[in-house]
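S.K.: Below is a structure I'd like to ask you about.
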Amino acid sequence: ERGVAGADAVVLAQNVSNNASKEPATKTSGAAAYGSCTSAVYHGPSHGAEACFCQKAHNAACVALPCACREGCAGFEYQNAGVISFRNSARTDCSGAMLTIPRAYFADISHLGQCGTGASSLLTSMLMDGFNAYHMSVGSGPVMQCIHKASTASVHWLHLHSFCPDGQVDGLPNKNDAYCSLMTSVGEAGEIARKFLQWSR
């Protein structure tokens, strides 16, 4: 995953309150919102891209560890109880791109699928927040939403790419490597989540 955390993601600090005119985050109610999907704890190394994502997510396994991210672990763009979004520094021909990750650890979309009914709720929240974060930080209009297939992900912490419809980031969209869908409103998040999970089975 070129240009994502560690060697890969750059978080640009931004005060969400300065963007009150933008579409607000959809808040969750924490653990109850996603069932067992919030109970996953990271057990990987304390360095590298996955450890960086773990710290950005405030996952319980990493909160006491020194920051593993070269750009720092603070300055999140957009966050709620279950997911967090930040600016992606990967090369793109869009004016910007976002990454959204769950606070709980899931290596990839196949791992998330083992969560049962909570998987759809968590992925829906990721899609909604990725869409809103893109509108807040990059621009308006439709958003391309992509998640790597389990077999092609090189950073093993589930993450959603949000970027412009006519552009590319990290080689996406690419039907061989990822599940992608154009999203025009937050109301489409649930259907896209169900579609991605079905494709990943």
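Letters A, B, ... mark the chains of the structure tokens in the order given; residue numbers begin at 1 per chain; ligand numbers begin at 1, in order shown.
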Name the residues in contact with Leu123 in chain A at a cut-off of 12 Å, using only C-alpha atoms, excluding same-chain residues fewer than 5 positions from it; report them as a PyMOL selection string.
M.R.: chain A and resi 33-34+37-38+82-84+100-104+106+108-110+112-113+115-118+128-130+145-147+158-160+188-197
S.K.: Could you tell me, as number ranges by chain, which residues of range 2-201 of chain A DSSP assigns to strand (DSSP E or B) when given the backbone?
M.R.: A: 78-79, 83-87, 92, 98-102, 143-148, 160-163, 169, 172, 178-183
S.K.: For His161 in chain A, find every residue with an atom within 12 Å (counting only C-alpha atoms), except residues of its own chain fewer than 3 positions away, and show them as a PDB file with N, CA, C and O atoms, in the first residue's frame.
M.R.:
ATOM      1  N   GLU A   1       0.854  -1.173   0.000  1.00  0.00           N
ATOM      2  CA  GLU A   1       0.000   0.000   0.000  1.00  0.00           C
ATOM      3  C   GLU A   1       0.881   1.209   0.000  1.00  0.00           C
ATOM      4  O   GLU A   1       1.286   1.708   1.027  1.00  0.00           O
ATOM      5  N   GLY A   3       2.163   4.881   0.037  1.00  0.00           N
ATOM      6  CA  GLY A   3       1.616   6.147   0.440  1.00  0.00           C
ATOM      7  C   GLY A   3       0.599   6.072   1.556  1.00  0.00           C
ATOM      8  O   GLY A   3      -0.085   7.018   1.817  1.00  0.00           O
ATOM      9  N   VAL A   4       0.490   4.939   2.231  1.00  0.00           N
ATOM     10  CA  VAL A   4      -0.405   4.843   3.376  1.00  0.00           C
ATOM     11  C   VAL A   4       0.459   4.833   4.632  1.00  0.00           C
ATOM     12  O   VAL A   4       1.638   4.730   4.547  1.00  0.00           O
ATOM     13  N   ALA A   9       0.580   6.833   5.304  1.00  0.00           N
ATOM     14  CA  ALA A   9      -0.499   7.839   5.373  1.00  0.00           C
ATOM     15  C   ALA A   9      -0.053   9.089   6.067  1.00  0.00           C
ATOM     16  O   ALA A   9       0.629   9.030   7.035  1.00  0.00           O
ATOM     17  N   SER A  85     -11.298   8.728   9.973  1.00  0.00           N
ATOM     18  CA  SER A  85     -10.870   9.066   8.606  1.00  0.00           C
ATOM     19  C   SER A  85      -9.740  10.081   8.650  1.00  0.00           C
ATOM     20  O   SER A  85      -9.727  10.967   9.510  1.00  0.00           O
ATOM     21  N   PHE A  86      -8.809   9.967   7.714  1.00  0.00           N
ATOM     22  CA  PHE A  86      -7.697  10.907   7.631  1.00  0.00           C
ATOM     23  C   PHE A  86      -7.214  11.010   6.193  1.00  0.00           C
ATOM     24  O   PHE A  86      -7.542  10.177   5.350  1.00  0.00           O
ATOM     25  N   ARG A  87      -6.423  12.025   5.927  1.00  0.00           N
ATOM     26  CA  ARG A  87      -5.956  12.293   4.572  1.00  0.00           C
ATOM     27  C   ARG A  87      -4.960  11.230   4.128  1.00  0.00           C
ATOM     28  O   ARG A  87      -4.111  10.790   4.902  1.00  0.00           O
ATOM     29  N   ASN A  88      -5.061  10.806   2.880  1.00  0.00           N
ATOM     30  CA  ASN A  88      -4.149   9.822   2.296  1.00  0.00           C
ATOM     31  C   ASN A  88      -3.103  10.562   1.466  1.00  0.00           C
ATOM     32  O   ASN A  88      -3.449  11.419   0.659  1.00  0.00           O
ATOM     33  N   SER A  89      -1.845  10.213   1.654  1.00  0.00           N
ATOM     34  CA  SER A  89      -0.767  10.873   0.913  1.00  0.00           C
ATOM     35  C   SER A  89      -0.349  10.113  -0.340  1.00  0.00           C
ATOM     36  O   SER A  89       0.608  10.492  -1.005  1.00  0.00           O
ATOM     37  N   ALA A  90      -1.040   9.036  -0.667  1.00  0.00           N
ATOM     38  CA  ALA A  90      -0.699   8.274  -1.872  1.00  0.00           C
ATOM     39  C   ALA A  90      -0.849   9.163  -3.109  1.00  0.00           C
ATOM     40  O   ALA A  90      -1.684  10.070  -3.145  1.00  0.00           O
ATOM     41  N   THR A  92      -2.100  10.598  -6.418  1.00  0.00           N
ATOM     42  CA  THR A  92      -3.421  10.573  -7.028  1.00  0.00           C
ATOM     43  C   THR A  92      -3.555  11.735  -7.999  1.00  0.00           C
ATOM     44  O   THR A  92      -2.907  12.773  -7.819  1.00  0.00           O
ATOM     45  N   GLY A  96      -7.302  15.308  -3.891  1.00  0.00           N
ATOM     46  CA  GLY A  96      -7.035  14.741  -2.584  1.00  0.00           C
ATOM     47  C   GLY A  96      -7.759  13.413  -2.446  1.00  0.00           C
ATOM     48  O   GLY A  96      -8.617  13.070  -3.257  1.00  0.00           O
ATOM     49  N   ALA A  97      -7.409  12.651  -1.420  1.00  0.00           N
ATOM     50  CA  ALA A  97      -8.043  11.355  -1.165  1.00  0.00           C
ATOM     51  C   ALA A  97      -8.033  11.099   0.332  1.00  0.00           C
ATOM     52  O   ALA A  97      -7.194  11.632   1.062  1.00  0.00           O
ATOM     53  N   MET A  98      -8.968  10.277   0.780  1.00  0.00           N
ATOM     54  CA  MET A  98      -9.109   9.977   2.200  1.00  0.00           C
ATOM     55  C   MET A  98      -8.980   8.480   2.462  1.00  0.00           C
ATOM     56  O   MET A  98      -9.235   7.659   1.578  1.00  0.00           O
ATOM     57  N   LEU A  99      -8.588   8.149   3.675  1.00  0.00           N
ATOM     58  CA  LEU A  99      -8.598   6.780   4.178  1.00  0.00           C
ATOM     59  C   LEU A  99      -9.502   6.720   5.397  1.00  0.00           C
ATOM     60  O   LEU A  99      -9.492   7.638   6.225  1.00  0.00           O
ATOM     61  N   THR A 100     -10.262   5.647   5.522  1.00  0.00           N
ATOM     62  CA  THR A 100     -11.112   5.437   6.688  1.00  0.00           C
ATOM     63  C   THR A 100     -10.854   4.046   7.234  1.00  0.00           C
ATOM     64  O   THR A 100     -10.834   3.070   6.468  1.00  0.00           O
ATOM     65  N   ILE A 101     -10.627   3.941   8.530  1.00  0.00           N
ATOM     66  CA  ILE A 101     -10.327   2.663   9.173  1.00  0.00           C
ATOM     67  C   ILE A 101     -11.252   2.455  10.372  1.00  0.00           C
ATOM     68  O   ILE A 101     -11.708   3.418  10.991  1.00  0.00           O
ATOM     69  N   MET A 126     -18.152   3.098   7.926  1.00  0.00           N
ATOM     70  CA  MET A 126     -16.924   3.481   7.235  1.00  0.00           C
ATOM     71  C   MET A 126     -17.233   4.221   5.939  1.00  0.00           C
ATOM     72  O   MET A 126     -16.610   5.241   5.620  1.00  0.00           O
ATOM     73  N   LEU A 127     -18.194   3.702   5.183  1.00  0.00           N
ATOM     74  CA  LEU A 127     -18.554   4.326   3.913  1.00  0.00           C
ATOM     75  C   LEU A 127     -19.167   5.711   4.126  1.00  0.00           C
ATOM     76  O   LEU A 127     -18.856   6.660   3.393  1.00  0.00           O
ATOM     77  N   ASP A 129     -18.674   7.744   6.734  1.00  0.00           N
ATOM     78  CA  ASP A 129     -17.675   8.682   7.226  1.00  0.00           C
ATOM     79  C   ASP A 129     -16.628   8.997   6.163  1.00  0.00           C
ATOM     80  O   ASP A 129     -16.133  10.124   6.084  1.00  0.00           O
ATOM     81  N   GLY A 130     -16.265   8.012   5.343  1.00  0.00           N
ATOM     82  CA  GLY A 130     -15.346   8.284   4.243  1.00  0.00           C
ATOM     83  C   GLY A 130     -15.917   9.295   3.275  1.00  0.00           C
ATOM     84  O   GLY A 130     -15.234  10.208   2.805  1.00  0.00           O
ATOM     85  N   PHE A 131     -17.199   9.147   2.969  1.00  0.00           N
ATOM     86  CA  PHE A 131     -17.901  10.078   2.085  1.00  0.00           C
ATOM     87  C   PHE A 131     -17.936  11.478   2.692  1.00  0.00           C
ATOM     88  O   PHE A 131     -17.588  12.475   2.033  1.00  0.00           O
ATOM     89  N   ALA A 133     -16.007  12.698   5.112  1.00  0.00           N
ATOM     90  CA  ALA A 133     -14.661  13.235   5.271  1.00  0.00           C
ATOM     91  C   ALA A 133     -14.123  13.768   3.945  1.00  0.00           C
ATOM     92  O   ALA A 133     -13.456  14.806   3.902  1.00  0.00           O
ATOM     93  N   TYR A 134     -14.417  13.058   2.858  1.00  0.00           N
ATOM     94  CA  TYR A 134     -14.001  13.539   1.537  1.00  0.00           C
ATOM     95  C   TYR A 134     -14.657  14.887   1.250  1.00  0.00           C
ATOM     96  O   TYR A 134     -13.997  15.823   0.785  1.00  0.00           O
ATOM     97  N   VAL A 143     -18.352  10.262  -4.857  1.00  0.00           N
ATOM     98  CA  VAL A 143     -17.070   9.785  -4.325  1.00  0.00           C
ATOM     99  C   VAL A 143     -16.896   8.324  -4.716  1.00  0.00           C
ATOM    100  O   VAL A 143     -17.799   7.510  -4.544  1.00  0.00           O
ATOM    101  N   MET A 144     -15.717   7.989  -5.240  1.00  0.00           N
ATOM    102  CA  MET A 144     -15.377   6.597  -5.496  1.00  0.00           C
ATOM    103  C   MET A 144     -14.917   5.968  -4.181  1.00  0.00           C
ATOM    104  O   MET A 144     -14.035   6.496  -3.499  1.00  0.00           O
ATOM    105  N   GLN A 145     -15.531   4.833  -3.831  1.00  0.00           N
ATOM    106  CA  GLN A 145     -15.222   4.133  -2.591  1.00  0.00           C
ATOM    107  C   GLN A 145     -14.660   2.750  -2.926  1.00  0.00           C
ATOM    108  O   GLN A 145     -15.299   1.968  -3.626  1.00  0.00           O
ATOM    109  N   CYS A 146     -13.457   2.445  -2.444  1.00  0.00           N
ATOM    110  CA  CYS A 146     -12.797   1.170  -2.762  1.00  0.00           C
ATOM    111  C   CYS A 146     -12.185   0.533  -1.519  1.00  0.00           C
ATOM    112  O   CYS A 146     -11.594   1.229  -0.685  1.00  0.00           O
ATOM    113  N   ILE A 147     -12.306  -0.780  -1.450  1.00  0.00           N
ATOM    114  CA  ILE A 147     -11.647  -1.582  -0.419  1.00  0.00           C
ATOM    115  C   ILE A 147     -10.900  -2.718  -1.106  1.00  0.00           C
ATOM    116  O   ILE A 147     -11.459  -3.428  -1.937  1.00  0.00           O
ATOM    117  N   HIS A 148      -9.628  -2.886  -0.744  1.00  0.00           N
ATOM    118  CA  HIS A 148      -8.826  -3.956  -1.338  1.00  0.00           C
ATOM    119  C   HIS A 148      -9.413  -5.326  -1.029  1.00  0.00           C
ATOM    120  O   HIS A 148      -9.937  -5.569   0.063  1.00  0.00           O
ATOM    121  N   LEU A 158      -7.927  -3.234   7.802  1.00  0.00           N
ATOM    122  CA  LEU A 158      -9.003  -2.863   6.885  1.00  0.00           C
ATOM    123  C   LEU A 158      -9.055  -1.352   6.688  1.00  0.00           C
ATOM    124  O   LEU A 158      -9.074  -0.597   7.663  1.00  0.00           O
ATOM    125  N   CYS A 164     -11.848  10.884  -5.974  1.00  0.00           N
ATOM    126  CA  CYS A 164     -12.713  11.451  -7.013  1.00  0.00           C
ATOM    127  C   CYS A 164     -13.107  10.387  -8.043  1.00  0.00           C
ATOM    128  O   CYS A 164     -12.357   9.441  -8.296  1.00  0.00           O
ATOM    129  N   PRO A 165     -14.284  10.518  -8.647  1.00  0.00           N
ATOM    130  CA  PRO A 165     -14.806   9.477  -9.544  1.00  0.00           C
ATOM    131  C   PRO A 165     -13.960   9.205 -10.779  1.00  0.00           C
ATOM    132  O   PRO A 165     -13.935   8.077 -11.279  1.00  0.00           O
ATOM    133  N   GLY A 167     -10.615   9.748 -11.045  1.00  0.00           N
ATOM    134  CA  GLY A 167      -9.193   9.653 -10.749  1.00  0.00           C
ATOM    135  C   GLY A 167      -8.780   8.268 -10.280  1.00  0.00           C
ATOM    136  O   GLY A 167      -9.564   7.315 -10.309  1.00  0.00           O
ATOM    137  N   GLN A 168      -7.540   8.174  -9.853  1.00  0.00           N
ATOM    138  CA  GLN A 168      -6.986   6.926  -9.334  1.00  0.00           C
ATOM    139  C   GLN A 168      -6.157   7.214  -8.095  1.00  0.00           C
ATOM    140  O   GLN A 168      -5.576   8.296  -7.958  1.00  0.00           O
ATOM    141  N   VAL A 169      -6.103   6.238  -7.206  1.00  0.00           N
ATOM    142  CA  VAL A 169      -5.214   6.283  -6.054  1.00  0.00           C
ATOM    143  C   VAL A 169      -4.833   4.848  -5.712  1.00  0.00           C
ATOM    144  O   VAL A 169      -5.689   3.954  -5.718  1.00  0.00           O
ATOM    145  N   ASP A 170      -3.545   4.610  -5.489  1.00  0.00           N
ATOM    146  CA  ASP A 170      -3.059   3.277  -5.138  1.00  0.00           C
ATOM    147  C   ASP A 170      -3.488   2.230  -6.167  1.00  0.00           C
ATOM    148  O   ASP A 170      -3.801   1.094  -5.819  1.00  0.00           O
ATOM    149  N   GLY A 171      -3.542   2.617  -7.431  1.00  0.00           N
ATOM    150  CA  GLY A 171      -3.918   1.695  -8.493  1.00  0.00           C
ATOM    151  C   GLY A 171      -5.402   1.402  -8.578  1.00  0.00           C
ATOM    152  O   GLY A 171      -5.817   0.508  -9.325  1.00  0.00           O
ATOM    153  N   LEU A 172      -6.215   2.128  -7.835  1.00  0.00           N
ATOM    154  CA  LEU A 172      -7.657   1.916  -7.809  1.00  0.00           C
ATOM    155  C   LEU A 172      -8.363   3.053  -8.552  1.00  0.00           C
ATOM    156  O   LEU A 172      -7.848   4.161  -8.609  1.00  0.00           O
ATOM    157  N   PRO A 173      -9.555   2.760  -9.120  1.00  0.00           N
ATOM    158  CA  PRO A 173     -10.284   1.485  -9.073  1.00  0.00           C
ATOM    159  C   PRO A 173      -9.685   0.431  -9.994  1.00  0.00           C
ATOM    160  O   PRO A 173      -9.174   0.751 -11.062  1.00  0.00           O
ATOM    161  N   ALA A 178      -9.695  -4.839  -6.044  1.00  0.00           N
ATOM    162  CA  ALA A 178     -10.520  -4.202  -5.021  1.00  0.00           C
ATOM    163  C   ALA A 178     -11.994  -4.243  -5.390  1.00  0.00           C
ATOM    164  O   ALA A 178     -12.362  -4.465  -6.545  1.00  0.00           O
ATOM    165  N   TYR A 179     -12.809  -4.013  -4.371  1.00  0.00           N
ATOM    166  CA  TYR A 179     -14.245  -3.818  -4.565  1.00  0.00           C
ATOM    167  C   TYR A 179     -14.496  -2.314  -4.540  1.00  0.00           C
ATOM    168  O   TYR A 179     -14.128  -1.641  -3.569  1.00  0.00           O
ATOM    169  N   CYS A 180     -15.089  -1.796  -5.599  1.00  0.00           N
ATOM    170  CA  CYS A 180     -15.277  -0.353  -5.727  1.00  0.00           C
ATOM    171  C   CYS A 180     -16.706  -0.030  -6.122  1.00  0.00           C
ATOM    172  O   CYS A 180     -17.361  -0.809  -6.832  1.00  0.00           O
ATOM    173  N   SER A 181     -17.176   1.129  -5.682  1.00  0.00           N
ATOM    174  CA  SER A 181     -18.503   1.592  -6.060  1.00  0.00           C
ATOM    175  C   SER A 181     -18.540   3.104  -5.974  1.00  0.00           C
ATOM    176  O   SER A 181     -17.961   3.694  -5.055  1.00  0.00           O
ATOM    177  N   LEU A 182     -19.227   3.725  -6.910  1.00  0.00           N
ATOM    178  CA  LEU A 182     -19.428   5.170  -6.876  1.00  0.00           C
ATOM    179  C   LEU A 182     -20.565   5.473  -5.899  1.00  0.00           C
ATOM    180  O   LEU A 182     -21.625   4.855  -5.961  1.00  0.00           O
TER     181      LEU A 182
END
S.K.: Of the residues A:Asp166, A:Val155, A:Met183, A:Trp199, which is the one nearest to Glu50 in chain A, using only C-alpha atoms?
M.R.: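 Result for the nearest residue to Glu50 in chain A: A:Val155.
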S.K.: With distances taken over only C-alpha atoms, which of A:Gln55, A:Ser162, A:Ala153, A:Gln114 is nearest to Cys94 in chain A?
M.R.: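 Residue with the minimum atom-to-atom distance to Cys94 in chain A: A:Ser162.
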S.K.: Between CA of Tyr42 in chain A and CA of Ala61 in chain A, what is the distance, to one decimal in Å?
M.R.: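 Separation of CA of Tyr42 in chain A and CA of Ala61 in chain A: 5.8 Å.
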S.K.: Among the residues of range 47-163 of chain A, find those DSSP assigns to alpha helix (DSSP H) from the backbone and print them as a PyMOL selection string.
M.R.: chain A and resi 49-56+109-113+118-137
S.K.: Grab the CA of Cys52 in chain A to CA of Ala68 in chain A distance for me, in Å with one decimal place.
M.R.: 5.0 Å
